[in-house]
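Content type compact mmCIF, C-alpha atoms, from the file target_37.txt:
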# COMPACT_ATOMS: atom_id res chain seq x y z
CA MET H 1 -0.96 -20.06 -57.18
CA SER H 2 -1.68 -16.48 -56.21
CA ASN H 3 -0.37 -17.10 -52.69
CA LEU H 4 2.76 -18.73 -54.09
CA TRP H 5 3.37 -15.82 -56.46
CA TYR H 6 2.87 -13.38 -53.56
CA LEU H 7 5.45 -15.28 -51.49
CA VAL H 8 7.94 -15.22 -54.38
CA ARG H 9 7.48 -11.47 -54.85
CA GLU H 10 8.01 -10.87 -51.12
CA GLN H 11 11.27 -12.82 -51.20
CA LEU H 12 12.41 -10.83 -54.24
CA ARG H 13 11.70 -7.60 -52.37
CA VAL H 14 13.76 -8.88 -49.45
CA LEU H 15 16.69 -9.51 -51.80
CA CYS H 16 16.52 -5.90 -52.99
CA ARG H 17 16.78 -4.46 -49.48
CA PRO H 18 20.03 -4.74 -47.50
CA GLY H 19 19.51 -6.15 -44.05
CA ARG H 20 19.26 -9.26 -41.93
CA ASP H 21 16.34 -10.72 -43.90
CA ARG H 22 18.29 -10.59 -47.14
CA GLU H 23 21.30 -12.23 -45.48
CA VAL H 24 19.10 -15.11 -44.33
CA VAL H 25 17.75 -15.64 -47.87
CA VAL H 26 21.24 -15.45 -49.41
CA GLN H 27 22.62 -17.96 -46.91
CA ALA H 28 19.73 -20.33 -47.63
CA VAL H 29 20.35 -20.09 -51.37
CA LYS H 30 24.07 -20.71 -50.88
CA ALA H 31 23.36 -23.74 -48.69
CA ALA H 32 21.10 -25.17 -51.41
CA LEU H 33 23.76 -24.57 -54.08
CA ALA H 34 26.42 -26.15 -51.86
CA ALA H 35 24.25 -29.25 -51.42
CA VAL H 36 23.77 -29.59 -55.18
CA ALA H 37 27.46 -28.97 -55.91
CA SER H 38 28.55 -31.60 -53.38
CA LEU H 39 26.14 -34.12 -54.92
CA LEU H 40 27.57 -33.46 -58.39
CA VAL H 41 31.13 -33.84 -57.15
CA THR H 42 30.61 -37.00 -55.10
CA GLY H 43 27.72 -38.62 -57.00
CA PRO H 44 29.82 -40.94 -59.20
CA TRP H 45 31.42 -42.66 -56.21
CA ALA H 46 29.16 -41.95 -53.22
CA GLY H 47 27.08 -45.10 -53.46
CA SER H 48 24.61 -45.68 -50.63
CA HIS H 49 26.17 -42.88 -48.56
CA ALA H 50 25.34 -40.10 -51.05
CA PHE H 51 23.59 -38.06 -48.33
CA LEU H 52 26.81 -37.45 -46.39
CA ALA H 53 28.38 -34.88 -48.72
CA PRO H 54 25.37 -32.52 -49.11
CA TYR H 55 24.63 -32.90 -45.40
CA ALA H 56 28.15 -31.76 -44.52
CA ALA H 57 28.04 -28.98 -47.14
CA VAL H 58 24.85 -27.47 -45.73
CA LEU H 59 26.23 -27.50 -42.19
CA THR H 60 29.38 -25.70 -43.34
CA VAL H 61 27.61 -22.71 -44.93
CA THR H 62 27.68 -20.45 -41.87
CA SER H 63 27.40 -16.70 -41.29
CA THR H 64 31.15 -16.01 -41.60
CA VAL H 65 33.87 -17.19 -43.98
CA ARG H 66 36.26 -18.04 -41.18
CA GLY H 67 33.48 -19.92 -39.41
CA SER H 68 32.91 -22.00 -42.55
CA TRP H 69 36.53 -23.11 -42.84
CA THR H 70 37.08 -23.73 -39.14
CA GLY H 71 33.72 -25.52 -39.04
CA ALA H 72 34.73 -27.66 -42.02
CA ALA H 73 37.96 -28.66 -40.29
CA ARG H 74 36.16 -29.35 -37.01
CA GLN H 75 33.42 -31.34 -38.72
CA ALA H 76 35.90 -33.45 -40.66
CA GLY H 77 37.82 -34.11 -37.45
CA MET H 78 34.69 -35.18 -35.58
CA VAL H 79 33.56 -37.52 -38.36
CA ALA H 80 37.02 -39.07 -38.67
CA THR H 81 37.26 -39.52 -34.90
CA GLY H 82 33.79 -41.06 -34.73
CA VAL H 83 34.52 -43.46 -37.58
CA VAL H 84 37.85 -44.56 -36.09
CA LEU H 85 36.20 -45.03 -32.70
CA ALA H 86 33.41 -47.13 -34.22
CA HIS H 87 35.97 -49.26 -36.10
CA LEU H 88 38.08 -49.92 -32.98
CA VAL H 89 35.07 -50.73 -30.82
CA GLY H 90 33.67 -52.95 -33.59
CA LEU H 91 36.89 -54.97 -33.59
CA LEU H 92 37.01 -55.29 -29.80
CA VAL H 93 33.26 -55.70 -29.14
CA PRO H 94 31.85 -57.76 -32.03
CA VAL H 95 28.30 -57.87 -30.65
CA GLY H 96 26.48 -54.77 -31.95
CA THR H 97 24.16 -54.43 -28.99
CA LEU H 98 27.10 -54.25 -26.59
CA ALA H 99 29.06 -51.90 -28.86
CA VAL H 100 26.31 -49.24 -28.85
CA PRO H 101 26.69 -48.08 -25.21
CA VAL H 102 30.48 -48.31 -25.48
CA VAL H 103 30.76 -46.01 -28.51
CA VAL H 104 28.22 -43.56 -27.07
CA LEU H 105 30.07 -43.37 -23.74
CA ILE H 106 33.54 -43.02 -25.23
CA GLY H 107 32.29 -40.73 -28.03
CA LEU H 108 30.70 -38.28 -25.61
CA LEU H 109 33.85 -38.18 -23.50
CA VAL H 110 36.16 -37.72 -26.50
CA GLY H 111 33.79 -35.08 -27.91
CA ARG H 112 34.44 -32.87 -24.90
CA TRP H 113 37.86 -32.00 -26.34
CA ARG H 114 37.82 -28.23 -26.63
CA GLN H 115 38.97 -28.28 -30.26
CA PHE H 116 35.64 -29.84 -31.21
CA GLY H 117 33.76 -26.93 -29.68
CA PRO H 118 30.11 -27.19 -28.61
CA ASP H 119 29.29 -29.79 -31.30
CA GLY H 120 31.64 -32.49 -30.01
CA TRP H 121 28.71 -34.81 -29.36
CA TRP H 122 28.73 -35.52 -33.10
CA VAL H 123 31.62 -37.89 -32.42
CA ALA H 124 29.27 -40.13 -30.48
CA ILE H 125 26.46 -39.74 -33.03
CA THR H 126 28.74 -40.69 -35.94
CA SER H 127 30.08 -43.72 -34.08
CA LEU H 128 26.56 -44.78 -33.16
CA ILE H 129 25.31 -44.57 -36.77
CA VAL H 130 28.27 -46.58 -38.07
CA VAL H 131 27.87 -49.30 -35.44
CA VAL H 132 24.10 -49.59 -35.88
CA ASN H 133 24.52 -49.81 -39.68
CA GLY H 134 26.85 -52.78 -39.18
CA THR H 135 29.70 -51.25 -41.21
CA ALA H 136 32.16 -50.71 -38.37
CA ALA H 137 34.42 -53.55 -39.53
CA ASN H 138 34.57 -52.44 -43.19
CA ALA H 139 37.60 -50.15 -43.40
CA LEU H 140 37.00 -49.24 -47.04
CA ASP H 141 33.40 -48.25 -46.35
CA LEU H 142 34.50 -46.16 -43.37
CA ALA H 143 37.11 -44.39 -45.48
CA GLY H 144 34.28 -43.46 -47.85
CA TRP H 145 32.38 -41.92 -44.92
CA VAL H 146 35.34 -39.70 -44.06
CA ALA H 147 36.02 -38.79 -47.71
CA LEU H 148 32.41 -37.84 -48.41
CA SER H 149 32.11 -35.76 -45.26
CA LEU H 150 35.40 -34.00 -45.95
CA CYS H 151 34.46 -33.31 -49.56
CA GLY H 152 31.06 -31.91 -48.58
CA SER H 153 32.61 -29.68 -45.94
CA LEU H 154 35.15 -28.32 -48.41
CA VAL H 155 32.48 -27.63 -51.03
CA GLY H 156 30.30 -25.82 -48.49
CA ALA H 157 33.17 -23.66 -47.24
CA LEU H 158 34.25 -22.88 -50.80
CA VAL H 159 30.72 -21.85 -51.85
CA ASN H 160 30.40 -19.58 -48.81
CA THR H 161 33.77 -17.97 -49.64
CA VAL H 162 33.23 -17.46 -53.36
CA LEU H 163 29.54 -16.52 -53.54
CA PHE H 164 28.77 -13.30 -51.69
CA PRO H 165 30.85 -14.03 -48.58
CA PRO H 166 28.96 -12.50 -45.63
CA VAL H 167 30.12 -9.19 -44.10
CA HIS H 168 28.41 -7.92 -40.94
CA LEU H 169 30.21 -4.62 -40.37
CA ARG H 170 27.07 -2.64 -41.22
CA ASP H 171 25.24 -4.37 -38.37
CA ALA H 172 28.09 -3.44 -36.03
CA ARG H 173 27.90 0.21 -37.04
CA HIS H 174 24.13 0.27 -36.50
CA ALA H 175 24.43 -1.37 -33.07
CA VAL H 176 27.05 1.14 -31.89
CA GLY H 177 24.96 3.97 -33.32
CA ALA H 178 21.93 2.71 -31.38
CA LEU H 179 24.02 2.64 -28.19
CA ILE H 180 25.16 6.22 -28.77
CA ASP H 181 21.55 7.34 -29.33
CA GLU H 182 20.47 5.72 -26.07
CA VAL H 183 23.26 7.41 -24.11
CA ALA H 184 22.52 10.83 -25.62
CA THR H 185 18.78 10.43 -24.97
CA GLN H 186 19.43 9.46 -21.36
CA LEU H 187 21.64 12.52 -20.80
CA ARG H 188 19.14 14.90 -22.39
CA ASP H 189 16.28 13.44 -20.35
CA MET H 190 18.28 13.99 -17.17
CA ALA H 191 19.29 17.51 -18.21
CA ALA H 192 15.67 18.54 -18.91
CA ALA H 193 14.52 17.54 -15.43
CA VAL H 194 17.63 18.80 -13.62
CA ARG H 195 17.07 22.28 -15.08
CA GLU H 196 13.60 22.62 -13.53
CA GLY H 197 14.05 20.42 -10.48
CA TRP H 198 13.72 16.66 -10.01
CA SER H 199 12.12 14.18 -7.66
CA ALA H 200 13.16 10.82 -6.33
CA THR H 201 10.75 9.23 -8.83
CA ASP H 202 12.57 10.95 -11.70
CA ALA H 203 15.92 9.79 -10.42
CA ARG H 204 14.76 6.18 -9.98
CA ARG H 205 13.55 6.21 -13.59
CA TRP H 206 16.95 7.50 -14.73
CA THR H 207 18.75 4.86 -12.71
CA HIS H 208 16.61 2.09 -14.21
CA SER H 209 17.16 3.30 -17.77
CA ALA H 210 20.90 3.85 -17.12
CA ARG H 211 21.22 0.23 -16.01
CA GLY H 212 19.44 -0.70 -19.23
CA LEU H 213 22.32 0.88 -21.15
CA ARG H 214 24.41 -2.13 -20.16
CA ARG H 215 22.22 -4.31 -22.37
CA ALA H 216 22.82 -1.94 -25.28
CA VAL H 217 26.56 -2.16 -24.57
CA ARG H 218 26.42 -5.96 -24.72
CA ARG H 219 24.48 -5.86 -27.99
CA ALA H 220 26.98 -3.44 -29.51
CA ASP H 221 29.93 -5.47 -28.27
CA ASP H 222 28.50 -8.68 -29.74
CA ALA H 223 27.75 -6.96 -33.05
CA VAL H 224 31.26 -5.48 -33.27
CA TRP H 225 32.87 -8.83 -32.51
CA TYR H 226 30.63 -10.49 -35.10
CA GLY H 227 31.46 -7.82 -37.67
CA ARG H 228 35.21 -8.17 -37.15
CA GLU H 229 34.89 -11.94 -37.28
CA SER H 230 33.07 -11.72 -40.62
CA ALA H 231 35.96 -9.69 -42.08
CA ARG H 232 38.53 -12.37 -41.29
CA TRP H 233 39.56 -14.58 -44.24
CA ASN H 234 36.98 -12.71 -46.33
CA PRO H 235 38.01 -11.97 -49.93
CA ARG H 236 35.62 -9.00 -50.32
CA ARG H 237 38.26 -6.47 -49.25
CA ARG H 238 36.77 -3.56 -51.21
CA HIS H 239 33.30 -4.14 -49.77
CA ILE H 240 34.79 -4.44 -46.28
CA ARG H 241 36.53 -1.06 -46.67
CA ARG H 242 33.23 0.53 -47.75
CA ALA H 243 31.19 -1.04 -44.95
CA ASP H 244 33.77 -0.44 -42.23
CA SER H 245 33.48 2.51 -39.86
CA PRO H 246 35.49 3.96 -36.98
CA LEU H 247 32.46 3.17 -34.82
CA ALA H 248 32.67 -0.57 -35.55
CA GLY H 249 35.63 -1.05 -33.22
CA ARG H 250 36.02 -2.76 -29.85
CA ASP H 251 37.83 0.25 -28.38
CA VAL H 252 34.87 2.54 -29.13
CA VAL H 253 32.46 0.14 -27.40
CA ASP H 254 34.80 -0.19 -24.41
CA ARG H 255 34.95 3.59 -24.02
CA LEU H 256 31.19 3.95 -24.41
CA SER H 257 30.72 1.25 -21.79
CA ARG H 258 32.71 3.35 -19.34
CA VAL H 259 30.68 6.42 -20.29
CA CYS H 260 27.49 4.46 -19.53
CA GLU H 261 28.84 3.63 -16.08
CA ARG H 262 29.48 7.35 -15.47
CA VAL H 263 25.92 8.13 -16.56
CA LEU H 264 24.64 5.52 -14.10
CA GLN H 265 26.82 7.06 -11.40
CA VAL H 266 25.34 10.51 -12.05
CA SER H 267 21.78 9.14 -11.93
CA VAL H 268 22.45 7.45 -8.58
CA LEU H 269 23.96 10.64 -7.17
CA LEU H 270 20.96 12.66 -8.32
CA ALA H 271 18.65 10.09 -6.74
CA ASN H 272 20.49 10.48 -3.44
CA ARG H 273 20.11 14.26 -3.59
CA ALA H 274 16.32 13.94 -4.01
CA GLU H 275 15.85 11.02 -1.62
CA HIS H 276 13.72 12.86 0.95
CA GLU H 277 12.19 15.72 -1.06
CA ASP H 278 12.14 17.21 -4.53
CA HIS H 279 15.41 18.87 -5.39
CA PRO H 280 15.38 22.38 -6.83
CA GLY H 281 16.66 22.95 -10.34
CA ASP H 282 20.37 23.16 -11.12
CA PRO H 283 20.67 24.94 -14.51
CA GLU H 284 24.47 24.77 -14.56
CA LEU H 285 24.54 21.01 -14.08
CA ALA H 286 21.79 20.69 -16.70
CA VAL H 287 23.93 22.61 -19.21
CA LEU H 288 26.86 20.30 -18.46
CA LEU H 289 24.74 17.21 -19.12
CA GLU H 290 23.36 18.70 -22.33
CA ARG H 291 26.81 19.49 -23.66
CA LEU H 292 27.98 15.97 -22.91
CA ALA H 293 24.88 14.65 -24.72
CA ASP H 294 25.71 16.82 -27.75
CA ALA H 295 29.27 15.48 -27.81
CA VAL H 296 28.07 11.87 -27.59
CA ALA H 297 25.61 12.44 -30.45
CA ILE H 298 28.34 13.92 -32.63
CA LEU H 299 30.33 10.69 -32.21
CA ALA H 300 27.62 8.91 -34.24
CA GLU H 301 27.00 11.66 -36.79
CA ARG H 302 30.42 13.25 -37.32
CA PRO H 303 33.12 11.33 -35.43
CA ASP H 304 35.86 13.50 -36.91
CA GLU H 305 34.42 16.49 -35.02
CA LEU H 306 34.29 14.75 -31.63
CA ALA H 307 37.54 16.27 -30.33
CA ALA H 308 36.26 19.81 -30.91
CA ALA H 309 32.83 18.95 -29.49
CA LEU H 310 34.39 17.75 -26.22
CA ASP H 311 35.94 21.16 -25.52
CA ALA H 312 32.63 22.59 -24.28
CA PRO H 313 31.71 19.90 -21.71
CA GLY H 314 35.37 19.62 -20.66
CA ALA H 315 35.67 23.33 -19.95
CA GLU H 316 32.29 23.45 -18.22
CA ALA H 317 33.19 20.48 -16.02
CA ARG H 318 36.45 22.10 -14.97
CA ARG H 319 34.66 25.34 -14.13
CA LEU H 320 31.99 23.66 -12.04
CA ARG H 321 34.49 21.40 -10.33
CA ASP H 322 36.59 24.38 -9.24
CA GLY H 323 33.50 26.08 -7.82
CA ALA H 324 31.86 23.05 -6.27
CA GLY H 325 32.69 24.17 -2.74
CA THR H 326 31.07 22.07 -0.04
CA GLN H 327 28.43 20.49 -2.30
CA ALA H 328 30.01 17.04 -2.32
CA ALA H 329 27.23 15.28 -4.23
CA ARG H 330 27.13 17.94 -6.94
CA GLY H 331 30.91 17.84 -7.18
CA ALA H 332 30.79 14.05 -7.57
CA CYS H 333 28.32 14.46 -10.48
CA VAL H 334 30.67 16.93 -12.15
CA ILE H 335 33.64 14.59 -11.68
CA ALA H 336 31.66 11.69 -13.19
CA VAL H 337 30.86 13.82 -16.25
CA SER H 338 34.50 14.89 -16.46
CA ASP H 339 35.54 11.22 -16.43
CA ALA H 340 33.06 10.54 -19.23
CA VAL H 341 34.64 13.34 -21.27
CA THR H 342 38.07 11.78 -20.69
CA GLU H 343 36.81 8.41 -21.97
CA LEU H 344 35.44 10.03 -25.12
CA GLU H 345 38.71 11.92 -25.64
CA ALA H 346 40.47 8.56 -25.76
CA VAL H 347 38.25 7.62 -28.74
CA THR H 348 39.59 10.59 -30.70
CA GLY H 349 43.16 9.55 -29.94

Could you rewrite the structure in this file as structure tokens?
Amino acid sequence: MSNLWYLVREQLRVLCRPGRDREVVVQAVKAALAAVASLLVTGPWAGSHAFLAPYAAVLTVTSTVRGSWTGAARQAGMVATGVVLAHLVGLLVPVGTLAVPVVVLIGLLVGRWRQFGPDGWWVAITSLIVVVNGTAANALDLAGWVALSLCGSLVGALVNTVLFPPVHLRDARHAVGALIDEVATQLRDMAAAVREGWSATDARRWTHSARGLRRAVRRADDAVWYGRESARWNPRRRHIRRADSPLAGRDVVDRLSRVCERVLQVSVLLANRAEHEDHPGDPELAVLLERLADAVAILAERPDELAAALDAPGAEARRLRDGAGTQAARGACVIAVSDAVTELEAVTG
């Protein structure tokens, strides 16, 4: 009993803290409520197929409102298709043993229709269950299958829409903020070494970590897409406005992705400059990288001040570019930083 009480208290603490763990618990509770509600709605007429409605309801409680409704429609379509297929095959192939491979083969092929998505194989599974149960010839019984599945799907989608419909914009903002932190940290790490002088080992480490920024870009892009998807068809408009942020946008991630590529370009250029021996310090280039890092960090903390923060690295890049002279590699680093500034300026526009 003490262990059970401890588990209950832990789950209650999770519900008090916003985050992914609480979302998982809330979704589980909603799925349980959807199963009960579908049983209450369909119980009087479900008969021996009472499991179908709660089963469909649980599957329909997904992580987005739009996903619930599109999933309900897709699930109803797959069940109806599977039932019709089983009925037709049952009429044409009366022997059950022979009907099994036929419905599986045709069901798997029909399930590849893109409108069914990745779960199209449920067409074959539904047909197989109906044929094996020996109810393929009973049109009234098959209509009950479709009705129960449709009812369960509708109940599940409705529960997910009415009870705390999920919004994932906060996760998107955190993912983009984490990407910005990684970019700023990379730039400051490079600036610290460039000021005193750097080796090929330093540059290889920068190049490796700069390539790792691409993973952070993918995580941020996925989180932003997921956040925007969760806002579609969602009735919690006031909560969405509170949770939304200028950072949780695809354009911001696209621009940051290009900035990451410029950072990688600079790291490769610095590696080339120190390929054969340690390169002496370049305080001016270090200042340029630091100012770009400061501007990137401001995007996460105070995005409204980004335009003003970009003046310093922009002016410094223009000054160094004009005085680059014959130092082609150094000039290429300055141009890459200048391009990064241009990408960030597009965010402010």

Could you please determine the separation between CA of Arg173 (chain H) and CA of Arg228 (chain H) in Å, to one decimal place?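 CA of Arg228 (chain H) lies 11.1 Å from CA of Arg173 (chain H).
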
Contacts of Phe116 (chain H) at 9 Å (all atoms listed in the file; same-chain gap of 3+ positions) as number ranges by chain: H: 74-75, 77-78, 111-113, 119-121

Test item: which residues lie within 7 Å of (21.2, 17.6, -19.0) counting all atoms listed in the file, as a PyMOL selection string: chain H and resi 187-192+194+285-290

Between CA of Val104 (chain H) and CA of Ala35 (chain H), what is the distance, to one decimal in Å?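 So the answer is 28.5 Å.
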
Taking into account all atoms listed in the file, which residue in the set H:Ala243, H:Leu140, H:Leu59, H:Leu88 is nearest to Ala157 (chain H)? H:Leu59

Given the choices H:Ala53, H:Leu256, H:Val41, H:Ala76, which gets closest to Val347 (chain H) if the distance is worked out from only C-alpha atoms? H:Leu256

Work out how far CA of Gly197 (chain H) is from CA of Ala295 (chain H), in Å to one decimal. 23.6 Å

Option closest in space to Arg219 (chain H), from H:Leu85, H:Ala175, H:Ala56, H:Ala193 [counting all atoms listed in the file]: H:Ala175

Determine the nearest neighbour of Thr81 (chain H) from the options H:Ala124, H:Val266, H:Val24, H:Leu39, counting all atoms listed in the file.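 Of the candidates, the smallest distance to Thr81 (chain H) is held by H:Ala124.
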
Identify, on the basis of all atoms listed in the file, every residue whose closest approach to Asn160 (chain H) does not exceed 10 Å; exclude the query and any residue fewer than 5 positions from it along the same chain; express the result as a list of chain:residue names.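 Using all atoms listed in the file, the neighbours found are H:Gln27, H:Lys30, H:Ala31, H:Leu33, H:Ala34, H:Ala57, H:Thr60, H:Val61, H:Thr62, H:Ser63, H:Thr64, H:Val65, H:Arg66, H:Gly67, H:Ser68, H:Trp69, H:Leu154, H:Val155, H:Pro165, H:Pro166, H:Asn234.
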
Neighbour list for Ile180 (chain H) as number ranges by chain, cut-off 10 Å, all atoms listed in the file, skip fewer than 3 positions in-chain: H: 174-177, 183-186, 213, 216-217, 220, 247, 253, 256, 260, 293, 296-301

Determine the nearest neighbour of Glu196 (chain H) from the options H:Pro235, H:Gly152, H:Pro283, H:Gly117, counting only C-alpha atoms. H:Pro283

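The residue that comes closest to Leu310 (chain H), out of H:Val36, H:Leu148, H:Leu269, H:Ala340 and on the basis of all atoms listed in the file, is H:Ala340.
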